[in-house]
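The next block is my_file_34.cif, given as mmCIF, C-alpha atoms.
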```
data_coords
loop_
_atom_site.group_PDB
_atom_site.id
_atom_site.type_symbol
_atom_site.label_atom_id
_atom_site.label_comp_id
_atom_site.auth_asym_id
_atom_site.auth_seq_id
_atom_site.Cartn_x
_atom_site.Cartn_y
_atom_site.Cartn_z
ATOM 1 C CA MET A 688 -63.362 147.693 -32.561
ATOM 2 C CA LEU A 689 -62.946 143.921 -32.728
ATOM 3 C CA SER A 690 -59.288 144.258 -31.726
ATOM 4 C CA SER A 691 -60.263 146.323 -28.686
ATOM 5 C CA LEU A 692 -62.862 143.737 -27.651
ATOM 6 C CA SER A 693 -60.327 140.954 -28.078
ATOM 7 C CA ARG A 694 -57.803 142.732 -25.853
ATOM 8 C CA SER A 695 -60.487 143.388 -23.241
ATOM 9 C CA SER A 696 -61.560 139.734 -23.275
ATOM 10 C CA ALA A 697 -57.956 138.597 -23.015
ATOM 11 C CA ARG A 698 -57.385 140.828 -19.993
ATOM 12 C CA ARG A 699 -60.462 139.378 -18.283
ATOM 13 C CA VAL A 700 -59.289 135.827 -18.987
ATOM 14 C CA VAL A 701 -55.827 136.590 -17.589
ATOM 15 C CA ALA A 702 -57.338 138.273 -14.511
ATOM 16 C CA ARG A 703 -59.579 135.279 -13.863
ATOM 17 C CA SER A 704 -56.624 132.937 -14.290
ATOM 18 C CA PHE A 705 -54.521 134.848 -11.758
ATOM 19 C CA SER A 706 -57.471 134.984 -9.349
ATOM 20 C CA ALA A 707 -58.056 131.230 -9.663
ATOM 21 C CA ALA A 708 -54.342 130.530 -9.215
ATOM 22 C CA ALA A 709 -54.221 132.708 -6.093
ATOM 23 C CA ALA A 710 -57.260 130.945 -4.637
ATOM 24 C CA THR A 711 -55.729 127.543 -5.368
ATOM 25 C CA ASP A 712 -52.432 128.593 -3.766
ATOM 26 C CA ALA A 713 -54.210 129.886 -0.644
ATOM 27 C CA SER A 714 -56.198 126.669 -0.361
ATOM 28 C CA ALA A 715 -53.051 124.547 -0.666
ATOM 29 C CA HIS A 716 -51.504 126.242 2.375
ATOM 30 C CA LYS A 717 -54.636 126.579 4.494
ATOM 31 C CA PRO A 718 -54.433 124.956 7.960
ATOM 32 C CA PRO A 719 -56.288 121.607 7.844
ATOM 33 C CA LEU A 720 -58.061 122.109 11.151
ATOM 34 C CA ASP A 721 -60.238 124.894 12.543
ATOM 35 C CA ILE A 722 -58.771 125.979 15.874
ATOM 36 C CA TYR A 723 -59.440 129.202 17.725
ATOM 37 C CA GLY A 724 -57.933 131.491 20.327
ATOM 38 C CA ILE A 725 -54.705 133.463 20.689
ATOM 39 C CA HIS A 726 -52.529 130.347 20.425
ATOM 40 C CA ALA A 727 -54.391 129.273 17.292
ATOM 41 C CA ARG A 728 -53.813 132.603 15.544
ATOM 42 C CA TYR A 729 -50.054 132.267 15.903
ATOM 43 C CA ALA A 730 -50.116 128.553 15.051
ATOM 44 C CA ASN A 731 -52.276 129.112 11.950
ATOM 45 C CA ALA A 732 -50.043 131.904 10.656
ATOM 46 C CA THR A 733 -46.932 129.797 11.293
ATOM 47 C CA TYR A 734 -48.478 126.788 9.533
ATOM 48 C CA THR A 735 -49.302 128.842 6.428
ATOM 49 C CA ALA A 736 -45.825 130.385 6.307
ATOM 50 C CA ALA A 737 -44.099 127.026 6.838
ATOM 51 C CA SER A 738 -46.299 125.360 4.207
ATOM 52 C CA LYS A 739 -45.374 127.998 1.627
ATOM 53 C CA ALA A 740 -41.695 127.584 2.526
ATOM 54 C CA GLY A 741 -41.914 123.781 2.447
ATOM 55 C CA THR A 742 -40.644 123.507 6.021
ATOM 56 C CA LEU A 743 -43.650 122.183 7.946
ATOM 57 C CA ASP A 744 -41.874 119.146 9.425
ATOM 58 C CA ARG A 745 -38.803 121.159 10.345
ATOM 59 C CA VAL A 746 -40.834 123.886 12.057
ATOM 60 C CA GLU A 747 -42.804 121.269 13.997
ATOM 61 C CA LYS A 748 -39.567 119.731 15.340
ATOM 62 C CA GLU A 749 -38.134 123.156 16.163
ATOM 63 C CA LEU A 750 -41.232 124.216 18.102
ATOM 64 C CA GLN A 751 -41.318 120.921 19.966
ATOM 65 C CA GLY A 752 -37.645 121.388 20.846
ATOM 66 C CA LEU A 753 -38.235 124.926 22.111
ATOM 67 C CA LYS A 754 -41.215 123.745 24.129
ATOM 68 C CA ALA A 755 -39.098 120.972 25.668
ATOM 69 C CA SER A 756 -36.426 123.533 26.563
ATOM 70 C CA ALA A 757 -39.057 125.731 28.212
ATOM 71 C CA GLU A 758 -40.180 122.765 30.294
ATOM 72 C CA THR A 759 -36.742 121.495 31.302
ATOM 73 C CA SER A 760 -34.571 124.613 31.485
ATOM 74 C CA VAL A 761 -35.307 126.928 34.399
ATOM 75 C CA ALA A 762 -33.181 129.676 32.837
ATOM 76 C CA PHE A 763 -34.955 129.517 29.461
ATOM 77 C CA LYS A 764 -38.386 129.390 31.118
ATOM 78 C CA HIS A 765 -37.471 132.413 33.212
ATOM 79 C CA PHE A 766 -36.327 134.268 30.104
ATOM 80 C CA LEU A 767 -39.610 133.579 28.303
ATOM 81 C CA GLU A 768 -41.778 134.640 31.240
ATOM 82 C CA ASN A 769 -39.746 137.499 32.755
ATOM 83 C CA PRO A 770 -41.641 140.793 32.184
ATOM 84 C CA LEU A 771 -38.661 142.834 33.388
ATOM 85 C CA ILE A 772 -36.681 142.029 30.233
ATOM 86 C CA SER A 773 -37.686 144.558 27.577
ATOM 87 C CA ARG A 774 -39.349 143.425 24.372
ATOM 88 C CA ASP A 775 -36.492 144.799 22.268
ATOM 89 C CA SER A 776 -33.947 142.943 24.380
ATOM 90 C CA LYS A 777 -35.894 139.697 24.028
ATOM 91 C CA VAL A 778 -36.111 140.151 20.263
ATOM 92 C CA GLN A 779 -32.334 140.671 20.086
ATOM 93 C CA GLN A 780 -31.586 137.667 22.296
ATOM 94 C CA ILE A 781 -34.000 135.401 20.414
ATOM 95 C CA THR A 782 -32.447 136.476 17.112
ATOM 96 C CA SER A 783 -28.943 135.805 18.407
ATOM 97 C CA MET A 784 -30.045 132.447 19.805
ATOM 98 C CA LEU A 785 -31.912 131.106 16.773
ATOM 99 C CA LYS A 786 -30.732 132.934 13.644
ATOM 100 C CA SER A 787 -28.118 130.348 12.640
ATOM 101 C CA LYS A 788 -29.977 127.338 14.050
ATOM 102 C CA SER A 789 -33.627 127.546 13.063
ATOM 103 C CA SER A 790 -35.788 128.058 10.001
ATOM 104 C CA VAL A 791 -36.836 131.556 8.998
ATOM 105 C CA THR A 792 -40.432 130.732 9.901
ATOM 106 C CA THR A 793 -39.580 129.672 13.459
ATOM 107 C CA LEU A 794 -37.320 132.693 13.917
ATOM 108 C CA ASN A 795 -40.069 135.021 12.668
ATOM 109 C CA LEU A 796 -42.589 133.447 15.035
ATOM 110 C CA MET A 797 -40.295 133.729 18.043
ATOM 111 C CA THR A 798 -39.302 137.335 17.373
ATOM 112 C CA THR A 799 -42.970 138.230 16.815
ATOM 113 C CA LEU A 800 -43.872 136.615 20.138
ATOM 114 C CA ALA A 801 -41.025 138.513 21.803
ATOM 115 C CA GLY A 802 -42.166 141.805 20.276
ATOM 116 C CA ASN A 803 -45.740 141.186 21.394
ATOM 117 C CA ALA A 804 -44.764 140.030 24.901
ATOM 118 C CA ARG A 805 -46.205 136.570 24.168
ATOM 119 C CA LEU A 806 -43.171 134.313 24.570
ATOM 120 C CA MET A 807 -44.752 132.639 27.598
ATOM 121 C CA GLU A 808 -47.415 131.268 25.227
ATOM 122 C CA LEU A 809 -44.841 129.219 23.292
ATOM 123 C CA PRO A 810 -45.745 125.772 24.751
ATOM 124 C CA LYS A 811 -49.435 126.177 23.907
ATOM 125 C CA ILE A 812 -48.643 127.509 20.430
ATOM 126 C CA SER A 813 -46.392 124.493 19.872
ATOM 127 C CA ASP A 814 -49.239 122.187 20.931
ATOM 128 C CA SER A 815 -51.643 123.952 18.553
ATOM 129 C CA PHE A 816 -49.152 123.629 15.690
ATOM 130 C CA SER A 817 -48.720 119.920 16.442
ATOM 131 C CA ALA A 818 -52.507 119.506 16.331
ATOM 132 C CA LEU A 819 -52.526 121.057 12.847
ATOM 133 C CA MET A 820 -49.741 118.720 11.725
ATOM 134 C CA LYS A 821 -51.573 115.654 13.049
ATOM 135 C CA ALA A 822 -54.671 116.728 11.144
ATOM 136 C CA LYS A 823 -52.562 117.159 7.998
ATOM 137 C CA ARG A 824 -51.240 113.610 8.371
ATOM 138 C CA GLY A 825 -54.716 112.226 9.041
ATOM 139 C CA GLN A 826 -53.761 111.260 12.580
ATOM 140 C CA VAL A 827 -56.576 111.023 15.120
ATOM 141 C CA GLU A 828 -55.704 110.890 18.803
ATOM 142 C CA ALA A 829 -57.646 108.405 20.896
ATOM 143 C CA THR A 830 -57.402 107.460 24.549
ATOM 144 C CA ILE A 831 -58.788 104.286 26.095
ATOM 145 C CA THR A 832 -59.096 104.083 29.864
ATOM 146 C CA SER A 833 -59.674 100.668 31.415
ATOM 147 C CA ALA A 834 -59.787 99.289 34.950
ATOM 148 C CA GLU A 835 -57.029 96.806 34.114
ATOM 149 C CA GLU A 836 -54.230 96.832 31.565
ATOM 150 C CA LEU A 837 -55.468 95.723 28.149
ATOM 151 C CA THR A 838 -53.866 92.799 26.340
ATOM 152 C CA LYS A 839 -52.277 93.327 22.932
ATOM 153 C CA ALA A 840 -55.176 91.462 21.319
ATOM 154 C CA GLN A 841 -57.697 93.745 23.021
ATOM 155 C CA THR A 842 -55.754 96.850 22.038
ATOM 156 C CA ASP A 843 -55.498 95.691 18.413
ATOM 157 C CA SER A 844 -59.215 94.921 18.333
ATOM 158 C CA ILE A 845 -60.111 98.378 19.688
ATOM 159 C CA THR A 846 -57.757 100.085 17.232
ATOM 160 C CA LYS A 847 -59.353 98.205 14.337
ATOM 161 C CA ALA A 848 -62.832 99.232 15.479
ATOM 162 C CA MET A 849 -61.732 102.860 15.745
ATOM 163 C CA LYS A 850 -60.263 102.840 12.244
ATOM 164 C CA ALA A 851 -63.621 101.689 10.915
ATOM 165 C CA GLN A 852 -65.263 104.531 12.837
ATOM 166 C CA ILE A 853 -62.996 107.400 11.720
ATOM 167 C CA GLY A 854 -62.890 106.387 8.061
ATOM 168 C CA GLU A 855 -60.325 105.557 5.398
ATOM 169 C CA GLY A 856 -57.052 107.404 5.092
ATOM 170 C CA LYS A 857 -56.763 108.276 8.782
ATOM 171 C CA GLN A 858 -54.427 106.857 11.390
ATOM 172 C CA VAL A 859 -55.427 106.144 15.001
ATOM 173 C CA MET A 860 -52.864 107.372 17.548
ATOM 174 C CA LEU A 861 -53.958 105.246 20.501
ATOM 175 C CA THR A 862 -53.003 105.842 24.112
ATOM 176 C CA THR A 863 -54.110 103.458 26.852
ATOM 177 C CA LYS A 864 -54.518 104.302 30.520
ATOM 178 C CA VAL A 865 -55.369 102.253 33.593
ATOM 179 C CA ASP A 866 -57.763 103.637 36.187
ATOM 180 C CA PRO A 867 -59.032 101.064 38.727
ATOM 181 C CA SER A 868 -61.710 103.505 39.916
ATOM 182 C CA ILE A 869 -63.853 102.865 36.828
ATOM 183 C CA ILE A 870 -64.214 99.263 38.104
ATOM 184 C CA GLY A 871 -64.774 97.750 34.658
ATOM 185 C CA GLY A 872 -65.679 98.588 31.087
ATOM 186 C CA LEU A 873 -64.002 101.369 29.118
ATOM 187 C CA GLN A 874 -63.846 105.117 28.734
ATOM 188 C CA VAL A 875 -63.172 106.165 25.142
ATOM 189 C CA GLN A 876 -61.907 109.559 23.986
ATOM 190 C CA ILE A 877 -61.609 110.111 20.221
ATOM 191 C CA GLY A 878 -60.647 113.659 19.367
ATOM 192 C CA ASP A 879 -63.155 115.807 21.237
ATOM 193 C CA GLN A 880 -65.727 113.021 21.558
ATOM 194 C CA PHE A 881 -66.063 111.120 24.838
ATOM 195 C CA LEU A 882 -67.892 107.859 25.453
ATOM 196 C CA ASP A 883 -68.203 106.466 28.989
ATOM 197 C CA LEU A 884 -68.838 102.721 29.000
ATOM 198 C CA SER A 885 -67.429 102.155 32.476
ATOM 199 C CA VAL A 886 -69.135 100.197 35.233
ATOM 200 C CA SER A 887 -68.665 103.134 37.614
ATOM 201 C CA SER A 888 -70.675 105.421 35.320
ATOM 202 C CA LYS A 889 -73.517 102.885 35.244
ATOM 203 C CA ILE A 890 -73.447 102.575 39.017
ATOM 204 C CA ASP A 891 -73.503 106.356 39.264
ATOM 205 C CA ALA A 892 -76.477 106.507 36.902
ATOM 206 C CA ILE A 893 -78.344 103.942 39.014
ATOM 207 C CA SER A 894 -77.603 105.889 42.200
ATOM 208 C CA ARG A 895 -79.284 108.929 40.689
ATOM 209 C CA LEU A 896 -82.474 107.108 39.723
ATOM 210 C CA PRO A 897 -85.566 108.359 41.593
ATOM 211 C CA VAL A 898 -86.970 105.839 44.065
#
```

Re-express the file's structure as structure tokens.
Amino acid sequence: MLSSLSRSSARRVVARSFSAAAATDASAHKPPLDIYGIHARYANATYTAASKAGTLDRVEKELQGLKASAETSVAFKHFLENPLISRDSKVQQITSMLKSKSSVTTLNLMTTLAGNARLMELPKISDSFSALMKAKRGQVEATITSAEELTKAQTDSITKAMKAQIGEGKQVMLTTKVDPSIIGGLQVQIGDQFLDLSVSSKIDAISRLPV
């Protein structure tokens, strides 16, 4: 009786251990950012597969390269978008094109897209994957728009202020733009947050005040 109870307890302990290990493994490869839509589904699945294979950086470079080819090569762009080429033919051509050159994860993604008639979505899927990679690295994209070009001292000061805002362990990827139409002040975009501190916005607000 005691032996039977011991075996039963041992089985439960082992089952819990495997369950905990599986949960830990799934968490380790979970995309670091919640993104949604058809492009996100493919990007999320690719991220998980690449993470398990230890090829995240390689897959990112491969997808960026394929996206660049789609943007610069008329023939490749036509191939991706042409609905007259059968799905099976596209799968075969993609396999022939990438099998010896790319990672298994990238090849699987591309053949899946070909089989689902989604190859034209490649650029957006690449962008979604890059967004996941930036989140993994703690990189936060920010854009500053000013009426005149900022000096290095001004740019450094803004970057420092942003770092304090986004918290420790994250890196600000700052892009600056010049737009004379804002007259003065700044427009600040951090991630999906937008702050309009421009003179033009204040003038616009004044123009809408009731008299």

Fewer than 6 positions away in the same chain doesn't count, so skip those; otherwise give me all residues within 6 Å of segment 793-806 of chain A, counting all atoms listed in the file, as a PyMOL selection string. chain A and resi 767+774+777-778

To verify the selection step, state as a list in words which residues the PyMOL selection byres ((chain A and resi 867) around 9) yields on this input. Ser833, Ala834, Glu835, Val865, Asp866, Ser868, Ile869, Ile870 and Gly871 of chain A

Kindly export the residues of the current selection with C-alpha atoms, as a short mmCIF file (atom, residue, chain, number, x, y, z; two decimals), keeping the file's coordinate frame.
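Result saved to again.cif:
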```
data_model
loop_
_atom_site.label_atom_id
_atom_site.label_comp_id
_atom_site.auth_asym_id
_atom_site.auth_seq_id
_atom_site.Cartn_x
_atom_site.Cartn_y
_atom_site.Cartn_z
CA SER A 833 -59.67 100.67 31.42
CA ALA A 834 -59.79 99.29 34.95
CA GLU A 835 -57.03 96.81 34.11
CA VAL A 865 -55.37 102.25 33.59
CA ASP A 866 -57.76 103.64 36.19
CA SER A 868 -61.71 103.50 39.92
CA ILE A 869 -63.85 102.86 36.83
CA ILE A 870 -64.21 99.26 38.10
CA GLY A 871 -64.77 97.75 34.66
#
```

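Using all atoms listed in the file, the shortest contact distance between Ser815 of chain A and any of A:Ala829, A:Ile845, A:Ala732, A:Leu837 is found at A:Ala732.
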
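Of the residues listed (A:Lys857, A:Lys864, A:Glu828, A:Tyr729), A:Glu828 shows the shortest atom-to-atom separation from Gln880 of chain A; distances use all atoms listed in the file.
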
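Note that the spacing between atom CA of Thr846 of chain A and atom CA of Gly872 of chain A amounts to 16.0 Å.
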
Can you work out the spacing between atom CA of Gln751 of chain A and atom CA of Thr832 of chain A in Å, to one decimal?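 So the answer is 26.4 Å.
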
What does the PyMOL selection byres ((chain A and resi 811) around 10) select in this file, as a VMD selection string? chain A and resid 725 to 727 730 754 807 to 810 812 to 817

Please determine, counting all atoms listed in the file, which residue among A:Gly825, A:Pro770, A:Pro718, A:Gly724 has the shortest atom-to-atom distance to Gly878 of chain A. A:Gly825

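A straight line drawn from atom CA of Gln858 of chain A to atom CA of Arg824 of chain A is 8.1 Å long.
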
My list of candidates is A:Ser776, A:Thr733, A:Gln826, A:Thr838. Which is closest to Val791 of chain A when distances are computed with all atoms listed in the file? A:Thr733

Residue nearest Arg728 of chain A - candidates A:Gln841, A:Leu753, A:Leu819, A:Met860, atoms counted: all atoms listed in the file: A:Leu819

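Take the candidates A:Ala848, A:Ala762, A:Ala757, A:Leu750 and check each one against Ser789 of chain A using all atoms listed in the file; the shortest distance goes to A:Leu750.
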
Hey, could you pull the box centre and edge lengths for segment 785-800 of chain A, axis-aligned, 5 Å padding per side, all listed atoms, to one decimal in Å, as JSON?
```
{"center_x": -36.0, "center_y": 132.8, "center_z": 14.6, "size_x": 25.8, "size_y": 20.9, "size_z": 21.1}
```

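Using the PyMOL selection byres ((chain A and resi 739) around 12) on this structure selects Asp712, Ala713, Ser714, Ala715, His716, Lys717, Pro718, Ala732, Thr733, Tyr734, Thr735, Ala736, Ala737, Ser738, Ala740, Gly741, Thr742, Leu743, Val791 and Thr792 of chain A.
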